[in-house]
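**Student:** Input structure: upload_30.txt, which contains compact mmCIF, N, CA and C atoms.
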```txt
# COMPACT_ATOMS: atom_id res chain seq x y z
N MET A 1 -4.79 -9.11 25.84
CA MET A 1 -5.34 -9.76 24.66
C MET A 1 -5.57 -8.76 23.52
N SER A 2 -6.08 -7.56 23.86
CA SER A 2 -6.36 -6.56 22.82
C SER A 2 -5.08 -6.13 22.11
N GLN A 3 -3.96 -6.12 22.84
CA GLN A 3 -2.68 -5.77 22.20
C GLN A 3 -2.32 -6.81 21.14
N ALA A 4 -2.53 -8.07 21.44
CA ALA A 4 -2.24 -9.14 20.48
C ALA A 4 -3.17 -9.06 19.27
N VAL A 5 -4.44 -8.74 19.49
CA VAL A 5 -5.39 -8.61 18.39
C VAL A 5 -5.01 -7.44 17.50
N ALA A 6 -4.63 -6.31 18.09
CA ALA A 6 -4.21 -5.14 17.30
C ALA A 6 -2.98 -5.47 16.47
N ALA A 7 -2.01 -6.15 17.07
CA ALA A 7 -0.80 -6.54 16.33
C ALA A 7 -1.15 -7.50 15.20
N TYR A 8 -1.98 -8.49 15.50
CA TYR A 8 -2.39 -9.46 14.48
C TYR A 8 -3.08 -8.78 13.31
N LEU A 9 -4.04 -7.90 13.61
CA LEU A 9 -4.75 -7.20 12.53
C LEU A 9 -3.82 -6.31 11.72
N HIS A 10 -2.85 -5.70 12.38
CA HIS A 10 -1.87 -4.87 11.68
C HIS A 10 -1.04 -5.72 10.72
N TYR A 11 -0.52 -6.83 11.21
CA TYR A 11 0.29 -7.71 10.36
C TYR A 11 -0.53 -8.30 9.22
N LEU A 12 -1.73 -8.75 9.53
CA LEU A 12 -2.60 -9.33 8.50
C LEU A 12 -2.90 -8.30 7.41
N ALA A 13 -3.21 -7.07 7.81
CA ALA A 13 -3.49 -6.03 6.83
C ALA A 13 -2.27 -5.74 5.97
N ILE A 14 -1.08 -5.79 6.55
CA ILE A 14 0.16 -5.58 5.77
C ILE A 14 0.32 -6.69 4.73
N PHE A 15 0.09 -7.94 5.13
CA PHE A 15 0.21 -9.06 4.19
C PHE A 15 -0.81 -8.94 3.06
N VAL A 16 -2.04 -8.59 3.40
CA VAL A 16 -3.09 -8.45 2.39
C VAL A 16 -2.76 -7.28 1.45
N LEU A 17 -2.25 -6.19 2.01
CA LEU A 17 -1.85 -5.03 1.21
C LEU A 17 -0.82 -5.43 0.16
N PHE A 18 0.20 -6.16 0.59
CA PHE A 18 1.24 -6.62 -0.33
C PHE A 18 0.66 -7.57 -1.38
N ALA A 19 -0.22 -8.46 -0.96
CA ALA A 19 -0.83 -9.41 -1.90
C ALA A 19 -1.67 -8.67 -2.94
N LEU A 20 -2.44 -7.68 -2.52
CA LEU A 20 -3.27 -6.93 -3.46
C LEU A 20 -2.41 -6.17 -4.46
N LEU A 21 -1.33 -5.57 -3.99
CA LEU A 21 -0.44 -4.85 -4.91
C LEU A 21 0.24 -5.82 -5.87
N SER A 22 0.59 -7.00 -5.38
CA SER A 22 1.17 -8.03 -6.25
C SER A 22 0.17 -8.46 -7.32
N LEU A 23 -1.10 -8.59 -6.95
CA LEU A 23 -2.15 -8.91 -7.93
C LEU A 23 -2.27 -7.82 -8.99
N GLU A 24 -2.21 -6.57 -8.58
CA GLU A 24 -2.24 -5.48 -9.55
C GLU A 24 -1.10 -5.63 -10.54
N HIS A 25 0.08 -5.95 -10.02
CA HIS A 25 1.25 -6.10 -10.89
C HIS A 25 1.06 -7.24 -11.89
N ILE A 26 0.51 -8.32 -11.43
CA ILE A 26 0.31 -9.49 -12.30
C ILE A 26 -0.77 -9.23 -13.35
N LEU A 27 -1.85 -8.58 -12.96
CA LEU A 27 -3.00 -8.42 -13.86
C LEU A 27 -2.87 -7.25 -14.84
N PHE A 28 -2.04 -6.27 -14.53
CA PHE A 28 -1.96 -5.10 -15.41
C PHE A 28 -1.02 -5.37 -16.58
N LYS A 29 -1.62 -5.75 -17.69
CA LYS A 29 -0.87 -6.02 -18.93
C LYS A 29 -1.72 -5.52 -20.09
N LEU A 30 -1.05 -4.95 -21.07
CA LEU A 30 -1.76 -4.52 -22.28
C LEU A 30 -1.77 -5.66 -23.27
N PRO A 31 -2.75 -5.80 -24.10
CA PRO A 31 -3.99 -5.03 -24.10
C PRO A 31 -4.91 -5.51 -22.98
N LEU A 32 -5.73 -4.60 -22.51
CA LEU A 32 -6.66 -4.90 -21.43
C LEU A 32 -7.99 -5.36 -21.97
N ASP A 33 -8.63 -6.24 -21.24
CA ASP A 33 -10.02 -6.55 -21.55
C ASP A 33 -10.87 -6.03 -20.39
N SER A 34 -12.15 -5.98 -20.60
CA SER A 34 -13.06 -5.39 -19.60
C SER A 34 -13.03 -6.14 -18.27
N ALA A 35 -12.97 -7.46 -18.33
CA ALA A 35 -12.99 -8.24 -17.09
C ALA A 35 -11.76 -7.94 -16.24
N ARG A 36 -10.58 -7.90 -16.87
CA ARG A 36 -9.36 -7.62 -16.12
C ARG A 36 -9.36 -6.18 -15.59
N ALA A 37 -9.86 -5.26 -16.40
CA ALA A 37 -9.93 -3.86 -15.96
C ALA A 37 -10.85 -3.72 -14.75
N ARG A 38 -11.99 -4.39 -14.77
CA ARG A 38 -12.90 -4.35 -13.62
C ARG A 38 -12.24 -4.95 -12.38
N SER A 39 -11.53 -6.05 -12.58
CA SER A 39 -10.81 -6.67 -11.46
C SER A 39 -9.77 -5.71 -10.89
N LEU A 40 -9.04 -5.04 -11.76
CA LEU A 40 -8.03 -4.10 -11.29
C LEU A 40 -8.66 -2.94 -10.52
N LEU A 41 -9.80 -2.47 -10.97
CA LEU A 41 -10.50 -1.41 -10.23
C LEU A 41 -10.89 -1.88 -8.83
N ARG A 42 -11.44 -3.09 -8.74
CA ARG A 42 -11.84 -3.63 -7.43
C ARG A 42 -10.63 -3.88 -6.54
N ILE A 43 -9.57 -4.42 -7.12
CA ILE A 43 -8.36 -4.69 -6.34
C ILE A 43 -7.76 -3.38 -5.84
N ASP A 44 -7.75 -2.36 -6.69
CA ASP A 44 -7.17 -1.09 -6.28
C ASP A 44 -8.00 -0.44 -5.16
N LEU A 45 -9.30 -0.55 -5.24
CA LEU A 45 -10.16 -0.05 -4.16
C LEU A 45 -9.87 -0.81 -2.87
N SER A 46 -9.76 -2.12 -2.97
CA SER A 46 -9.45 -2.95 -1.80
C SER A 46 -8.08 -2.59 -1.23
N TYR A 47 -7.13 -2.31 -2.11
CA TYR A 47 -5.78 -1.90 -1.71
C TYR A 47 -5.85 -0.61 -0.89
N GLY A 48 -6.62 0.35 -1.35
CA GLY A 48 -6.77 1.60 -0.62
C GLY A 48 -7.42 1.40 0.74
N LEU A 49 -8.46 0.59 0.79
CA LEU A 49 -9.12 0.29 2.06
C LEU A 49 -8.18 -0.44 3.01
N CYS A 50 -7.42 -1.35 2.48
CA CYS A 50 -6.48 -2.12 3.29
C CYS A 50 -5.37 -1.20 3.84
N ALA A 51 -4.92 -0.24 3.02
CA ALA A 51 -3.92 0.72 3.50
C ALA A 51 -4.49 1.51 4.68
N GLY A 52 -5.78 1.82 4.62
CA GLY A 52 -6.43 2.49 5.73
C GLY A 52 -6.43 1.64 6.99
N VAL A 53 -6.66 0.35 6.84
CA VAL A 53 -6.64 -0.57 7.99
C VAL A 53 -5.22 -0.64 8.56
N VAL A 54 -4.21 -0.70 7.69
CA VAL A 54 -2.81 -0.70 8.16
C VAL A 54 -2.55 0.56 8.97
N LEU A 55 -2.98 1.69 8.45
CA LEU A 55 -2.77 2.97 9.15
C LEU A 55 -3.50 3.00 10.49
N LEU A 56 -4.77 2.63 10.50
CA LEU A 56 -5.55 2.67 11.74
C LEU A 56 -5.02 1.70 12.80
N THR A 57 -4.67 0.49 12.39
CA THR A 57 -4.14 -0.46 13.36
C THR A 57 -2.75 -0.03 13.83
N GLY A 58 -1.99 0.58 12.93
CA GLY A 58 -0.68 1.10 13.32
C GLY A 58 -0.82 2.23 14.33
N LEU A 59 -1.77 3.12 14.09
CA LEU A 59 -2.01 4.21 15.05
C LEU A 59 -2.47 3.65 16.39
N ALA A 60 -3.32 2.65 16.37
CA ALA A 60 -3.77 2.02 17.62
C ALA A 60 -2.59 1.45 18.39
N ARG A 61 -1.67 0.83 17.67
CA ARG A 61 -0.51 0.26 18.33
C ARG A 61 0.38 1.35 18.92
N VAL A 62 0.52 2.47 18.20
CA VAL A 62 1.35 3.56 18.70
C VAL A 62 0.73 4.20 19.94
N PHE A 63 -0.55 4.49 19.88
CA PHE A 63 -1.17 5.26 20.97
C PHE A 63 -1.59 4.41 22.16
N TRP A 64 -1.99 3.16 21.96
CA TRP A 64 -2.54 2.38 23.06
C TRP A 64 -1.75 1.13 23.43
N TYR A 65 -1.06 0.53 22.47
CA TYR A 65 -0.49 -0.78 22.77
C TYR A 65 1.02 -0.88 22.64
N GLY A 66 1.67 0.09 22.09
CA GLY A 66 3.10 0.00 21.82
C GLY A 66 3.94 0.45 22.99
N LYS A 67 5.05 1.04 22.66
CA LYS A 67 6.03 1.44 23.67
C LYS A 67 5.78 2.85 24.20
N GLY A 68 4.69 3.44 23.78
CA GLY A 68 4.37 4.79 24.23
C GLY A 68 4.71 5.82 23.16
N TRP A 69 3.87 6.84 23.10
CA TRP A 69 4.01 7.85 22.05
C TRP A 69 5.39 8.50 22.07
N SER A 70 5.97 8.74 23.23
CA SER A 70 7.26 9.45 23.26
C SER A 70 8.37 8.59 22.65
N TYR A 71 8.27 7.28 22.77
CA TYR A 71 9.26 6.41 22.13
C TYR A 71 9.22 6.61 20.62
N TYR A 72 8.03 6.59 20.05
CA TYR A 72 7.90 6.71 18.61
C TYR A 72 8.21 8.12 18.13
N LEU A 73 7.82 9.12 18.91
CA LEU A 73 8.04 10.51 18.55
C LEU A 73 9.53 10.83 18.40
N HIS A 74 10.35 10.19 19.20
CA HIS A 74 11.79 10.46 19.19
C HIS A 74 12.61 9.42 18.42
N ASN A 75 11.96 8.52 17.73
CA ASN A 75 12.67 7.46 17.03
C ASN A 75 12.75 7.77 15.53
N SER A 76 13.98 7.98 15.04
CA SER A 76 14.16 8.34 13.63
C SER A 76 13.79 7.19 12.69
N VAL A 77 13.95 5.95 13.12
CA VAL A 77 13.57 4.82 12.29
C VAL A 77 12.05 4.77 12.12
N PHE A 78 11.33 5.11 13.18
CA PHE A 78 9.87 5.19 13.08
C PHE A 78 9.48 6.25 12.06
N HIS A 79 10.13 7.39 12.10
CA HIS A 79 9.84 8.46 11.14
C HIS A 79 10.13 8.01 9.71
N ALA A 80 11.21 7.26 9.52
CA ALA A 80 11.53 6.74 8.18
C ALA A 80 10.47 5.74 7.73
N LYS A 81 10.03 4.89 8.66
CA LYS A 81 9.01 3.88 8.34
C LYS A 81 7.70 4.54 7.94
N VAL A 82 7.26 5.51 8.71
CA VAL A 82 6.02 6.22 8.39
C VAL A 82 6.19 7.01 7.09
N GLY A 83 7.37 7.61 6.90
CA GLY A 83 7.64 8.34 5.67
C GLY A 83 7.56 7.46 4.44
N LEU A 84 8.10 6.24 4.54
CA LEU A 84 8.00 5.29 3.42
C LEU A 84 6.56 4.90 3.15
N PHE A 85 5.80 4.68 4.21
CA PHE A 85 4.38 4.32 4.04
C PHE A 85 3.63 5.45 3.34
N VAL A 86 3.90 6.69 3.73
CA VAL A 86 3.27 7.85 3.09
C VAL A 86 3.71 7.95 1.63
N LEU A 87 4.99 7.71 1.37
CA LEU A 87 5.50 7.74 -0.01
C LEU A 87 4.81 6.68 -0.87
N VAL A 88 4.65 5.48 -0.34
CA VAL A 88 3.94 4.42 -1.07
C VAL A 88 2.51 4.87 -1.35
N GLY A 89 1.88 5.48 -0.36
CA GLY A 89 0.52 5.98 -0.56
C GLY A 89 0.45 7.04 -1.65
N MET A 90 1.41 7.93 -1.67
CA MET A 90 1.43 8.97 -2.70
C MET A 90 1.70 8.37 -4.08
N LEU A 91 2.62 7.41 -4.15
CA LEU A 91 2.90 6.76 -5.43
C LEU A 91 1.69 6.00 -5.94
N SER A 92 0.90 5.44 -5.04
CA SER A 92 -0.25 4.64 -5.45
C SER A 92 -1.31 5.47 -6.17
N ILE A 93 -1.19 6.77 -6.10
CA ILE A 93 -2.13 7.64 -6.82
C ILE A 93 -2.01 7.42 -8.33
N ILE A 94 -0.81 7.16 -8.81
CA ILE A 94 -0.60 7.00 -10.26
C ILE A 94 -1.36 5.79 -10.80
N PRO A 95 -1.18 4.59 -10.25
CA PRO A 95 -1.99 3.46 -10.73
C PRO A 95 -3.50 3.70 -10.54
N THR A 96 -3.87 4.28 -9.40
CA THR A 96 -5.29 4.53 -9.15
C THR A 96 -5.88 5.43 -10.23
N LEU A 97 -5.18 6.49 -10.61
CA LEU A 97 -5.68 7.37 -11.66
C LEU A 97 -5.75 6.65 -13.01
N THR A 98 -4.77 5.80 -13.27
CA THR A 98 -4.78 5.01 -14.51
C THR A 98 -6.03 4.13 -14.55
N PHE A 99 -6.30 3.42 -13.46
CA PHE A 99 -7.45 2.52 -13.42
C PHE A 99 -8.76 3.31 -13.43
N PHE A 100 -8.78 4.44 -12.75
CA PHE A 100 -9.97 5.27 -12.65
C PHE A 100 -10.41 5.80 -14.02
N GLU A 101 -9.44 6.02 -14.91
CA GLU A 101 -9.75 6.53 -16.25
C GLU A 101 -10.57 5.55 -17.08
N TRP A 102 -10.63 4.29 -16.68
CA TRP A 102 -11.35 3.28 -17.45
C TRP A 102 -12.84 3.24 -17.13
N ARG A 103 -13.25 3.90 -16.07
CA ARG A 103 -14.64 3.76 -15.61
C ARG A 103 -15.67 4.10 -16.68
N ASN A 104 -15.49 5.20 -17.37
CA ASN A 104 -16.49 5.60 -18.39
C ASN A 104 -16.55 4.60 -19.53
N ALA A 105 -15.39 4.14 -19.99
CA ALA A 105 -15.38 3.14 -21.06
C ALA A 105 -16.06 1.86 -20.61
N LEU A 106 -15.78 1.43 -19.40
CA LEU A 106 -16.39 0.20 -18.88
C LEU A 106 -17.89 0.35 -18.75
N ARG A 107 -18.34 1.50 -18.28
CA ARG A 107 -19.79 1.73 -18.16
C ARG A 107 -20.47 1.73 -19.52
N ALA A 108 -19.74 2.17 -20.55
CA ALA A 108 -20.30 2.21 -21.90
C ALA A 108 -20.17 0.87 -22.62
N GLY A 109 -19.60 -0.12 -21.93
CA GLY A 109 -19.44 -1.44 -22.52
C GLY A 109 -18.26 -1.54 -23.47
N LEU A 110 -17.32 -0.60 -23.37
CA LEU A 110 -16.14 -0.58 -24.24
C LEU A 110 -14.93 -1.16 -23.51
N GLU A 111 -13.97 -1.57 -24.30
CA GLU A 111 -12.71 -2.04 -23.73
C GLU A 111 -11.92 -0.81 -23.27
N PRO A 112 -11.29 -0.88 -22.12
CA PRO A 112 -10.51 0.25 -21.64
C PRO A 112 -9.22 0.41 -22.46
N HIS A 113 -8.72 1.63 -22.50
CA HIS A 113 -7.49 1.89 -23.25
C HIS A 113 -6.52 2.69 -22.39
N THR A 114 -5.27 2.25 -22.40
CA THR A 114 -4.17 2.98 -21.77
C THR A 114 -3.02 2.95 -22.76
N ASP A 115 -2.41 4.12 -23.00
CA ASP A 115 -1.30 4.13 -23.96
C ASP A 115 -0.07 3.46 -23.35
N GLU A 116 0.82 3.07 -24.21
CA GLU A 116 2.00 2.29 -23.82
C GLU A 116 2.85 3.01 -22.77
N GLY A 117 3.04 4.31 -22.93
CA GLY A 117 3.85 5.07 -21.98
C GLY A 117 3.22 5.09 -20.59
N ARG A 118 1.92 5.32 -20.53
CA ARG A 118 1.22 5.34 -19.25
C ARG A 118 1.25 3.95 -18.61
N ALA A 119 1.15 2.91 -19.42
CA ALA A 119 1.21 1.54 -18.90
C ALA A 119 2.58 1.26 -18.30
N ARG A 120 3.65 1.67 -18.99
CA ARG A 120 5.01 1.45 -18.46
C ARG A 120 5.20 2.20 -17.13
N LEU A 121 4.71 3.44 -17.08
CA LEU A 121 4.82 4.23 -15.84
C LEU A 121 4.06 3.55 -14.71
N THR A 122 2.87 3.06 -14.99
CA THR A 122 2.05 2.41 -13.97
C THR A 122 2.74 1.16 -13.43
N VAL A 123 3.28 0.35 -14.31
CA VAL A 123 3.99 -0.87 -13.88
C VAL A 123 5.23 -0.50 -13.06
N LEU A 124 5.97 0.51 -13.50
CA LEU A 124 7.16 0.95 -12.76
C LEU A 124 6.78 1.41 -11.36
N VAL A 125 5.72 2.18 -11.24
CA VAL A 125 5.29 2.68 -9.94
C VAL A 125 4.86 1.53 -9.04
N ILE A 126 4.12 0.57 -9.58
CA ILE A 126 3.72 -0.59 -8.77
C ILE A 126 4.95 -1.35 -8.28
N ARG A 127 5.95 -1.50 -9.13
CA ARG A 127 7.18 -2.20 -8.72
C ARG A 127 7.92 -1.42 -7.64
N ILE A 128 7.97 -0.11 -7.76
CA ILE A 128 8.61 0.72 -6.73
C ILE A 128 7.84 0.59 -5.41
N GLU A 129 6.52 0.62 -5.49
CA GLU A 129 5.71 0.44 -4.28
C GLU A 129 6.02 -0.89 -3.60
N LEU A 130 6.08 -1.96 -4.39
CA LEU A 130 6.38 -3.28 -3.83
C LEU A 130 7.75 -3.29 -3.15
N ALA A 131 8.74 -2.69 -3.80
CA ALA A 131 10.09 -2.65 -3.22
C ALA A 131 10.10 -1.86 -1.92
N LEU A 132 9.42 -0.71 -1.90
CA LEU A 132 9.38 0.10 -0.68
C LEU A 132 8.64 -0.61 0.44
N LEU A 133 7.57 -1.32 0.09
CA LEU A 133 6.82 -2.06 1.11
C LEU A 133 7.68 -3.16 1.75
N LEU A 134 8.65 -3.67 1.00
CA LEU A 134 9.53 -4.70 1.56
C LEU A 134 10.51 -4.12 2.58
N VAL A 135 10.79 -2.83 2.51
CA VAL A 135 11.73 -2.20 3.43
C VAL A 135 11.06 -1.88 4.77
N ILE A 136 9.77 -1.62 4.75
CA ILE A 136 9.07 -1.20 5.96
C ILE A 136 9.16 -2.22 7.10
N PRO A 137 8.99 -3.52 6.88
CA PRO A 137 9.16 -4.47 8.00
C PRO A 137 10.58 -4.49 8.57
N LEU A 138 11.59 -4.26 7.72
CA LEU A 138 12.96 -4.16 8.23
C LEU A 138 13.07 -2.98 9.18
N LEU A 139 12.52 -1.85 8.79
CA LEU A 139 12.56 -0.68 9.66
C LEU A 139 11.79 -0.94 10.96
N ALA A 140 10.66 -1.63 10.87
CA ALA A 140 9.89 -1.96 12.07
C ALA A 140 10.70 -2.85 13.01
N THR A 141 11.40 -3.81 12.45
CA THR A 141 12.24 -4.70 13.25
C THR A 141 13.36 -3.94 13.94
N LEU A 142 14.01 -3.05 13.19
CA LEU A 142 15.08 -2.23 13.78
C LEU A 142 14.53 -1.33 14.89
N MET A 143 13.40 -0.72 14.61
CA MET A 143 12.77 0.18 15.58
C MET A 143 12.43 -0.56 16.87
N ALA A 144 11.86 -1.75 16.73
CA ALA A 144 11.47 -2.54 17.90
C ALA A 144 12.66 -2.93 18.76
N ARG A 145 13.86 -2.92 18.17
CA ARG A 145 15.07 -3.28 18.90
C ARG A 145 15.85 -2.06 19.36
N GLY A 146 15.21 -0.89 19.29
CA GLY A 146 15.82 0.31 19.84
C GLY A 146 16.64 1.15 18.89
N PHE A 147 16.78 0.72 17.65
CA PHE A 147 17.52 1.54 16.70
C PHE A 147 16.71 2.81 16.41
N GLY A 148 17.43 3.90 16.21
CA GLY A 148 16.78 5.16 15.88
C GLY A 148 16.52 6.07 17.04
N MET A 149 16.83 5.59 18.24
CA MET A 149 16.63 6.43 19.43
C MET A 149 17.84 7.35 19.60
N PRO A 150 17.59 8.56 20.05
CA PRO A 150 18.72 9.49 20.24
C PRO A 150 19.67 9.02 21.33
N GLY A 151 20.93 9.38 21.13
CA GLY A 151 21.96 9.18 22.13
C GLY A 151 22.25 7.81 22.48
```
I need this file expressed as structure tokens, please.
**Tutor:**
Amino acid sequence: MSQAVAAYLHYLAIFVLFALLSLEHILFKLPLDSARARSLLRIDLSYGLCAGVVLLTGLARVFWYGKGWSYYLHNSVFHAKVGLFVLVGMLSIIPTLTFFEWRNALRAGLEPHTDEGRARLTVLVIRIELALLLVIPLLATLMARGFGMPG
């Protein structure tokens, strides 16, 4: 039963992660108002926490419920999947920094400001993250079917 719960929580966290990133994409438009900026800050924080849940439940599945650590250690598709997840995490720093810059303005009761170039970069990064997140389940499916194993 615990294996099923770990898998369920992992999948649920992945769906929520994608939904939160999609919300960021929808809500991030210039000009910004304070309410939308606050929402984006909360969503981005939730996105980070959810990524942590994906990571923790994924680690639980690898170490306790999956096919065994040696299967994953020697599977190149698993390495690609984890590498993409890490890349998405690194890319997410750009939107997070953009949103984080608004905190002082919001605390002062001012409307947040982001220049056009930074806004375009942030939207591009969010779109790249979404695209990369779509590849990860394909890699998981291939990995589960034995692709990526040596020899």
**Student:** Skip range 138-148 of chain A itself and residues of its chain fewer than 4 positions away, then list as number ranges by chain all residues within 8 Å of it, counting all atoms listed in the file.
**Tutor:** A: 74-81, 133-134
**Student:** Give the answer as one residue: which of A:Ser2, A:Ser22, A:Ser92, A:Ser34 has the shortest atom-to-atom distance to Gly109 in chain A, using only N, CA and C atoms?
**Tutor:**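 So, comparing all the options, the nearest one is A:Ser34.
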**Student:** For the alpha helix (DSSP H) assignment from backbone DSSP, which residues of chain A qualify? Please present them as a PyMOL selection string.
**Tutor:** chain A and resi 2-27+34-60+69-73+76-91+93-100+103-107+116-144
**Student:** As an exercise, work out the distance from atom C of Trp69 in chain A to CA of Gly151 in chain A in Å and give it to one decimal place.
**Tutor:**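 Taking atom C of Trp69 in chain A and CA of Gly151 in chain A, their separation equals 16.6 Å.
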**Student:** Point out the residue among A:Ile136, A:Ala108, A:Ile14, A:Ile126 with the least atom-to-atom distance to Leu56 in chain A, counting only C-alpha atoms.
**Tutor:**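 Ranked by minimum distance to Leu56 in chain A, first place goes to A:Ile14.
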**Student:** Which one is closest to Phe85 in chain A: A:Leu106, A:Leu23, A:Leu17, A:Leu73? Count only C-alpha atoms.
**Tutor:** A:Leu17
